[in-house]
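The file entry.cif contains mmCIF, C-alpha atoms and all ligand atoms:
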```cif
data_my_file
loop_
_atom_site.label_atom_id
_atom_site.label_comp_id
_atom_site.auth_asym_id
_atom_site.auth_seq_id
_atom_site.Cartn_x
_atom_site.Cartn_y
_atom_site.Cartn_z
CA MET A 1 22.35 5.66 20.02
CA LYS A 2 19.82 4.71 22.63
CA LEU A 3 19.07 1.07 23.09
CA SER A 4 15.87 -0.15 21.43
CA ILE A 5 13.65 -3.13 22.15
CA GLU A 6 11.49 -4.40 19.29
CA SER A 7 9.23 -7.35 18.68
CA LEU A 8 10.95 -9.96 16.47
CA ASP A 9 8.54 -12.89 16.54
CA LYS A 10 5.72 -14.22 18.71
CA ASP A 11 7.04 -13.94 22.31
CA VAL A 12 10.49 -12.87 21.12
CA GLU A 13 11.90 -9.37 21.46
CA ILE A 14 15.19 -8.21 20.04
CA ILE A 15 17.27 -5.81 22.10
CA LYS A 16 19.45 -3.59 19.94
CA ALA A 17 22.31 -2.14 21.95
CA THR A 18 25.61 -0.63 20.84
CA TYR A 19 29.08 -1.28 22.14
CA TYR A 20 32.20 0.62 20.98
CA GLY A 21 30.39 1.52 17.77
CA LEU A 22 29.40 -2.09 17.19
CA ASN A 23 26.01 -3.75 17.44
CA LEU A 24 25.40 -5.73 20.58
CA THR A 25 22.25 -7.77 20.14
CA LEU A 26 20.31 -9.65 22.82
CA LEU A 27 17.01 -11.52 22.81
CA LEU A 28 14.20 -11.61 25.33
CA ILE A 29 12.01 -14.74 25.21
CA ASP A 30 8.47 -14.77 26.69
CA HIS A 31 9.18 -11.45 28.44
CA ASP A 32 11.14 -13.50 30.96
CA THR A 33 14.34 -15.11 29.64
CA LEU A 34 17.09 -12.77 28.57
CA LEU A 35 19.72 -14.24 26.25
CA ASP A 36 23.03 -12.70 27.34
CA ALA A 37 23.67 -10.20 30.08
CA SER A 38 25.73 -7.64 28.09
CA THR A 39 27.89 -5.26 30.16
CA GLN A 40 27.18 -3.52 33.48
CA PRO A 41 26.25 -0.15 31.83
CA ILE A 42 24.12 -1.82 29.11
CA ALA A 43 22.39 -4.12 31.64
CA LYS A 44 21.39 -0.99 33.55
CA GLU A 45 19.99 0.57 30.36
CA ILE A 46 18.01 -2.59 29.58
CA TYR A 47 16.62 -2.72 33.12
CA GLU A 48 15.70 0.96 33.02
CA GLN A 49 13.68 0.29 29.87
CA GLY A 50 11.48 -2.04 31.91
CA VAL A 51 13.11 -5.42 31.27
CA CYS A 52 13.28 -7.36 34.53
CA PRO A 53 14.06 -10.93 33.45
CA GLY A 54 13.36 -13.94 35.66
CA LYS A 55 16.19 -15.75 33.94
CA VAL A 56 19.37 -14.64 32.18
CA ILE A 57 21.30 -17.14 30.06
CA ILE A 58 24.93 -16.21 29.53
CA SER A 59 26.20 -17.50 26.18
CA HIS A 60 29.90 -17.31 27.05
CA CYS A 61 32.27 -15.73 29.52
CA HIS A 62 33.36 -12.64 27.51
CA HIS A 63 32.55 -9.38 29.31
CA ASP A 64 30.21 -7.98 26.65
CA HIS A 65 28.01 -11.07 27.22
CA SER A 66 28.51 -11.88 30.89
CA GLY A 67 29.53 -8.55 32.45
CA GLY A 68 25.99 -7.45 33.36
CA GLY A 69 25.00 -10.80 34.92
CA GLU A 70 25.74 -9.51 38.39
CA TYR A 71 23.49 -6.46 37.78
CA PHE A 72 20.50 -8.68 36.94
CA GLU A 73 21.29 -11.18 39.69
CA LYS A 74 21.14 -8.35 42.24
CA ARG A 75 17.66 -7.53 40.96
CA GLY A 76 16.36 -11.06 41.37
CA SER A 77 17.23 -12.84 38.08
CA VAL A 78 18.49 -16.41 38.09
CA VAL A 79 21.65 -16.50 35.95
CA TYR A 80 22.41 -19.55 33.79
CA GLY A 81 25.59 -20.59 32.03
CA SER A 82 27.82 -23.56 31.31
CA LYS A 83 30.14 -24.96 33.98
CA ILE A 84 33.13 -23.57 32.10
CA THR A 85 31.57 -20.09 31.99
CA ALA A 86 30.75 -20.36 35.70
CA GLY A 87 34.35 -21.33 36.35
CA THR A 88 35.49 -17.92 35.11
CA VAL A 89 32.75 -15.40 35.82
CA THR A 90 31.94 -16.31 39.42
CA PHE A 91 35.43 -15.56 40.70
CA THR A 92 37.39 -12.32 40.49
CA THR A 93 37.72 -9.78 37.69
CA LYS A 94 41.40 -10.68 37.74
CA SER A 95 40.69 -14.35 36.99
CA TYR A 96 38.41 -13.25 34.16
CA ILE A 97 41.12 -10.99 32.69
CA SER A 98 43.80 -13.68 32.89
CA ASN A 99 41.50 -15.97 30.90
CA PHE A 100 40.88 -13.39 28.17
CA PHE A 101 44.11 -11.35 28.20
CA PRO A 102 46.82 -13.42 29.94
CA THR A 103 50.26 -12.03 30.78
CA ARG A 104 51.86 -13.92 27.89
CA HIS A 105 49.68 -11.86 25.53
CA GLN A 106 50.01 -8.61 27.49
CA ILE A 107 53.80 -8.52 26.93
CA TRP A 108 53.19 -7.49 23.29
CA PHE A 109 51.30 -4.33 24.25
CA SER A 110 52.35 -1.04 25.82
CA THR A 111 51.62 -0.41 29.50
CA ASN A 112 49.16 2.33 28.52
CA TYR A 113 47.27 0.02 26.19
CA ILE A 114 47.06 -2.72 28.83
CA GLU A 115 45.86 -0.30 31.50
CA GLY A 116 43.17 1.10 29.22
CA PHE A 117 42.01 -2.35 28.13
CA ILE A 118 41.79 -3.63 31.71
CA LYS A 119 40.02 -0.47 32.92
CA GLY A 120 37.40 -1.03 30.22
CA ILE A 121 36.80 -4.57 31.45
CA GLU A 122 36.61 -3.50 35.08
CA ASN A 123 33.92 -0.98 34.15
CA GLU A 124 31.88 -3.57 32.26
CA PHE A 125 32.32 -6.78 34.21
CA LYS A 126 31.46 -7.73 37.79
CA PRO A 127 31.78 -11.31 39.07
CA ILE A 128 28.43 -13.10 39.36
CA GLY A 129 27.52 -14.63 42.73
CA ASN A 130 25.98 -17.85 41.49
CA ILE A 131 25.44 -19.50 38.10
CA THR A 132 22.86 -22.23 37.51
CA THR A 133 24.34 -24.87 35.21
CA ASN A 134 21.25 -27.08 34.92
CA PHE A 135 19.05 -25.99 32.00
CA ASN A 136 16.31 -28.62 32.45
CA ASN A 137 13.64 -26.24 33.73
CA LEU A 138 13.89 -23.83 30.78
CA LYS A 139 10.62 -24.01 28.85
CA ASN A 140 10.66 -23.71 25.02
CA ILE A 141 14.36 -23.05 25.10
CA GLN A 142 17.08 -25.42 23.96
CA VAL A 143 20.64 -24.80 25.04
CA ILE A 144 23.29 -26.27 22.72
CA ASP A 145 27.00 -26.62 23.52
CA ALA A 146 28.99 -24.35 21.25
CA GLY A 147 32.70 -24.34 21.97
CA GLY A 148 35.03 -22.92 19.36
CA HIS A 149 34.77 -19.17 19.87
CA THR A 150 35.45 -19.74 23.52
CA ALA A 151 35.43 -22.83 25.76
CA GLY A 152 32.06 -23.42 27.40
CA GLY A 153 30.09 -21.36 24.86
CA LEU A 154 26.41 -21.97 24.17
CA VAL A 155 23.98 -21.20 21.39
CA VAL A 156 20.32 -20.97 22.31
CA LYS A 157 17.39 -22.17 20.22
CA HIS A 158 13.80 -20.98 20.58
CA GLY A 159 11.46 -22.30 17.90
CA ASN A 160 13.18 -21.66 14.58
CA ILE A 161 15.36 -18.89 15.96
CA LEU A 162 18.97 -19.58 16.88
CA PHE A 163 20.85 -17.05 18.99
CA THR A 164 24.42 -17.66 17.83
CA ASN A 165 25.93 -14.72 19.76
CA ASP A 166 29.71 -14.89 19.02
CA ALA A 167 29.83 -18.65 18.42
CA ILE A 168 30.03 -18.11 14.63
CA ASN A 169 32.11 -15.20 13.35
CA GLY A 170 31.54 -14.99 9.58
CA SER A 171 34.67 -13.33 8.19
CA GLY A 172 35.29 -11.25 11.30
CA ILE A 173 33.94 -8.07 12.87
CA THR A 174 34.03 -4.53 11.54
CA ASN A 175 32.42 -1.19 12.26
CA ASP A 176 33.88 0.35 9.07
CA ASN A 177 35.78 2.72 11.29
CA ASP A 178 38.36 1.74 13.90
CA ILE A 179 37.36 -1.89 14.47
CA ASN A 180 38.48 -4.62 12.08
CA MET A 181 39.03 -8.11 13.44
CA ILE A 182 39.66 -11.62 12.20
CA PRO A 183 37.26 -14.29 13.56
CA GLN A 184 37.98 -14.99 17.22
CA ILE A 185 38.38 -18.74 17.51
CA SER A 186 39.86 -20.59 20.49
CA ASN A 187 39.41 -24.12 19.10
CA PHE A 188 39.14 -24.85 15.37
CA GLU A 189 37.81 -28.44 15.66
CA ALA A 190 34.98 -27.29 17.95
CA TYR A 191 34.27 -24.23 15.79
CA LEU A 192 33.97 -26.21 12.56
CA SER A 193 31.89 -28.96 14.16
CA LEU A 194 29.51 -26.32 15.55
CA ILE A 195 28.95 -24.90 12.06
CA ARG A 196 28.10 -28.41 10.80
CA LYS A 197 25.72 -28.86 13.74
CA ILE A 198 23.93 -25.60 12.93
CA GLU A 199 23.64 -26.59 9.27
CA GLU A 200 21.85 -29.76 10.45
CA ILE A 201 19.56 -27.84 12.80
CA LYS A 202 18.48 -25.65 9.84
CA PRO A 203 17.24 -22.67 11.82
CA GLU A 204 15.09 -20.11 9.99
CA MET A 205 16.77 -17.21 11.70
CA ILE A 206 20.22 -16.65 13.12
CA ILE A 207 20.91 -13.81 15.53
CA PRO A 208 24.62 -12.99 15.94
CA SER A 209 25.73 -10.51 18.61
CA HIS A 210 27.89 -8.15 16.57
CA ASN A 211 28.63 -6.82 13.07
CA TYR A 212 30.02 -9.96 11.51
CA LYS A 213 31.11 -9.68 7.90
CA PRO A 214 29.89 -10.11 5.21
CA PHE A 215 26.42 -9.15 6.54
CA LYS A 216 27.75 -6.67 9.05
CA ASN A 217 24.67 -4.44 9.01
CA ASP A 218 22.07 -7.16 9.64
CA ARG A 219 21.11 -8.02 13.19
CA VAL A 220 18.97 -10.90 11.91
CA LEU A 221 20.08 -13.37 9.22
CA GLU A 222 17.57 -15.37 7.20
CA GLY A 223 17.38 -17.31 3.92
CA SER A 224 20.38 -17.08 1.62
CA LYS A 225 22.19 -14.69 3.97
CA LEU A 226 21.99 -17.29 6.72
CA THR A 227 23.39 -20.03 4.48
CA GLU A 228 26.14 -17.78 3.19
CA PHE A 229 27.05 -16.66 6.71
CA LEU A 230 27.64 -20.27 7.74
CA SER A 231 29.69 -21.14 4.65
CA GLU A 232 31.70 -17.90 4.94
CA SER A 233 32.45 -18.77 8.58
CA LYS A 234 33.76 -22.16 7.48
CA ASN A 235 35.83 -20.74 4.61
CA VAL A 236 37.50 -18.04 6.67
CA ALA A 237 38.33 -20.51 9.46
CA ALA A 238 40.05 -22.69 6.84
CA LYS A 239 41.83 -19.63 5.42
CA LEU A 240 43.18 -18.69 8.87
CA ILE A 241 44.75 -22.13 9.25
CA MET A 242 46.15 -22.08 5.72
CA VAL A 243 47.66 -18.60 6.03
CA GLY A 244 49.10 -19.43 9.47
CA LYS A 245 50.79 -22.50 8.04
CA GLN A 246 52.18 -20.60 5.03
CA ILE A 247 53.71 -17.97 7.31
CA LEU A 248 55.38 -20.58 9.51
CA GLU A 249 56.73 -22.46 6.50
CA SER A 250 58.19 -19.42 4.78
CA GLU A 251 59.79 -17.61 7.71
CA ASP A 252 62.57 -18.14 10.24
CA PRO A 253 61.37 -18.78 13.82
CA LEU A 254 58.81 -16.11 14.72
CA SER A 255 57.88 -14.67 18.09
CA LEU A 256 54.18 -14.75 18.97
CA GLY A 257 54.00 -10.99 18.49
CA LEU A 258 55.53 -11.05 15.03
CA PHE A 259 53.58 -14.12 13.92
CA THR A 260 50.31 -12.44 14.98
CA LYS A 261 51.33 -9.27 13.14
CA LEU A 262 52.02 -11.17 9.91
CA LEU A 263 48.80 -13.15 10.25
CA LEU A 264 46.70 -9.99 10.68
CA HIS A 265 48.54 -8.29 7.82
CA ASN A 266 47.32 -11.10 5.52
CA PHE A 267 43.76 -10.15 6.47
CA GLY A 268 44.36 -6.43 5.87
CA ILE A 269 44.71 -5.53 9.54
CA GLU A 270 47.80 -3.57 10.59
CA GLU A 271 47.22 -3.10 14.31
CA LEU A 272 47.71 -5.78 16.98
CA TYR A 273 44.78 -6.32 19.33
CA PRO A 274 44.43 -8.78 22.26
CA GLN A 275 41.64 -10.99 20.85
CA ALA A 276 43.80 -11.82 17.81
CA PHE A 277 46.18 -13.67 20.12
CA ILE A 278 43.44 -16.13 21.04
CA THR A 279 42.84 -17.09 17.40
CA ARG A 280 46.60 -17.19 16.85
CA ASP A 281 47.04 -19.67 19.76
CA ALA A 282 44.29 -21.86 18.28
CA ILE A 283 45.95 -21.83 14.84
CA LEU A 284 49.27 -22.91 16.36
CA ARG A 285 47.55 -25.75 18.24
CA TYR A 286 45.71 -26.89 15.11
CA ILE A 287 48.69 -27.00 12.73
CA LYS A 288 50.79 -30.13 12.98
CA GLY A 289 54.59 -30.04 13.08
CA VAL A 290 55.03 -26.66 14.76
CA ASN A 291 58.24 -26.42 16.80
CA ILE A 292 58.97 -24.01 19.62
CA ILE A 293 62.20 -22.35 20.76
CA LYS A 294 62.06 -20.71 24.19
CA GLU A 295 64.19 -17.73 25.23
CA GLY A 296 63.23 -16.59 28.70
CA GLU A 297 59.45 -16.14 28.64
CA VAL A 298 59.36 -15.53 24.89
CA GLU A 299 58.56 -18.37 22.50
CA TYR A 300 59.51 -18.60 18.82
CA PHE A 301 57.55 -20.78 16.44
CA TYR A 302 58.59 -22.48 13.21
CA ILE A 303 57.95 -25.45 10.95
CA LYS A 304 61.05 -27.45 9.99
CA LYS A 305 62.05 -26.77 6.41
ZN ZN B 1 32.84 -13.36 22.61
#
```

Would you write the structure of this file as structure tokens?
Ligand SMILES: [Zn+2]
Amino acid sequence: MKLSIESLDKDVEIIKATYYGLNLTLLLIDHDTLLDASTQPIAKEIYEQGVCPGKVIISHCHHDHSGGGEYFEKRGSVVYGSKITAGTVTFTTKSYISNFFPTRHQIWFSTNYIEGFIKGIENEFKPIGNITTNFNNLKNIQVIDAGGHTAGGLVVKHGNILFTNDAINGSGITNDNDINMIPQISNFEAYLSLIRKIEEIKPEMIIPSHNYKPFKNDRVLEGSKLTEFLSESKNVAAKLIMVGKQILESEDPLSLGLFTKLLLHNFGIEELYPQAFITRDAILRYIKGVNIIKEGEVEYFYIKK
């Protein structure tokens, strides 16, 4: 599908891109400020459709949001992001990969899988030269700290519209085909407190970046769908912690690979994938009383019975 750019509201355009069969949604405010940079190939598509933003705000460091920043920077855009995002995306592709897919996660995947995954990132992400971390001169745009999905994440508010990107995950992502994921959460306290913050902000519209369940086909969430999306996000985060704890309490010490497998199985997912390991790490940090046995580089986790 070709990328489309449509008017969403006064001075707001919605950019509807696709990424591995998933939606990838961006916003353009006042024909000048692009919310998220997408990937290198998508950034090129956006630019070739006539979008030449003065400013690009990167919501978080993941390559489908930050990867194209360098493309726009080269064409004169000023790129904005949090200090934590800057700390990853302005260095090397290698530093980016070790943040997202560290060696301790890679050991659970085949060499072929790892090579393919890393090749994909290298095609989509280029380090950005310079990131502006001061948002004071952004007119009509409020940048709100939104850790939880990833450290240093941001949500962006313009009028009554809140661009939540990946900061809130509903009950996970699906494309009804080969992609089925649990919510990707790196810090549960931050994730849950962000949902409360958004409930207080009471936006009229929420724009997530991908196909988050249960409203996986809507690029824009309003009214009861918006409310339900927030409460579903909260419920599933709580379920992840509960299921993680149950697994640890009922089993002998589990390796990270096996624990992740059992966790995913409880959510109807049978295949391991790298992003699941991030949520898994966050669950283990959140649960109290988890013990670790180390054998070489491999760790085994359990709760004392
Ligand atoms: Zn993300």

Legend entry - Nearby residues (only C-alpha atoms) at most 10 Å from Glu122 in chain A, same-chain spacing under 6 positions excluded, as a PyMOL selection string: chain A and resi 40+63+67+93-94+96-97+116

Inset, instruction - List all protein, DNA and RNA residues that have an atom no more than 7 Å from any atom of ligand ZN 1 (chain B), counting all atoms listed in the file, and report them as a PyMOL selection string. - result: chain A and resi 60+62+149-150+166

Could you make a table, as a Markdown table, of the residues of range 215-284 of chain A that have an atom within 6 Å of an atom of range 298-301 of chain A, each with its nearest atom pair and distance in Å to one decimal, counting only C-alpha atoms, in chain and number order?
```
| residue | atom | partner | partner_atom | distance |
| --- | --- | --- | --- | --- |
| A:Pro253 | CA | A:Phe301 | CA | 5.0 |
| A:Leu254 | CA | A:Tyr300 | CA | 4.8 |
| A:Ser255 | CA | A:Tyr300 | CA | 4.3 |
```

Inset, instruction - Identify which of the residues A:Gly147, A:Gly129, A:Gly296, A:Gly172 lies closest to Ala276 in chain A, counting all atoms listed in the file when measuring atom-to-atom distances. - result: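 Among the listed residues, A:Gly172 lies closest to Ala276 in chain A.
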
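Around Leu8 in chain A, within 12 Å and counting all atoms listed in the file, the residues found are Val12, Glu13, Ile14, Ile15, Lys16, Leu26, Leu27, Leu28, Ile29, Asp30, Ile161, Met205, Ile206, Ile207, Arg219 and Val220 of chain A, once anything fewer than 4 positions away on its own chain is removed.
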
Write a file of the just-selected residues containing C-alpha atoms, as a JSON list (two decimals), in the frame of the given file.
```
[["chain", "number", "residue", "atom", "x", "y", "z"],
["A", 12, "VAL", "CA", 10.49, -12.87, 21.12],
["A", 13, "GLU", "CA", 11.90, -9.37, 21.46],
["A", 14, "ILE", "CA", 15.19, -8.21, 20.04],
["A", 15, "ILE", "CA", 17.27, -5.81, 22.10],
["A", 16, "LYS", "CA", 19.45, -3.59, 19.94],
["A", 26, "LEU", "CA", 20.31, -9.65, 22.82],
["A", 27, "LEU", "CA", 17.01, -11.52, 22.81],
["A", 28, "LEU", "CA", 14.20, -11.61, 25.33],
["A", 29, "ILE", "CA", 12.01, -14.74, 25.21],
["A", 30, "ASP", "CA", 8.47, -14.77, 26.69],
["A", 161, "ILE", "CA", 15.36, -18.89, 15.96],
["A", 205, "MET", "CA", 16.77, -17.21, 11.70],
["A", 206, "ILE", "CA", 20.22, -16.65, 13.12],
["A", 207, "ILE", "CA", 20.91, -13.81, 15.53],
["A", 219, "ARG", "CA", 21.11, -8.02, 13.19],
["A", 220, "VAL", "CA", 18.97, -10.90, 11.91]]
```

If you take every atom of range 213-231 of chain A that the file lists and fit an axis-aligned box around them with 3 Å extra on each side, what centre and edge lengths come out in Å to one decimal, as JSON?
```
{"center_x": 24.2, "center_y": -12.8, "center_z": 7.4, "size_x": 19.7, "size_y": 22.7, "size_z": 17.6}
```

Legend entry - Straight-line distance linking CA of Leu262 in chain A with CA of Ile118 in chain A, stated in Å to one decimal: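 Straight-line distance from CA of Leu262 in chain A to CA of Ile118 in chain A works out to 25.2 Å.
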
Inset, instruction - Go ahead and compute the interatomic distance for CA of Gly76 in chain A and CA of Ile57 in chain A, in Å to one decimal. - result: 13.8 Å

Legend entry - Among the residues A:Ile42, A:Leu162, A:Val89, A:Ile278, the one that comes closest to Tyr20 in chain A [using all atoms listed in the file]: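 Selected residue with least distance to Tyr20 in chain A: A:Ile42.
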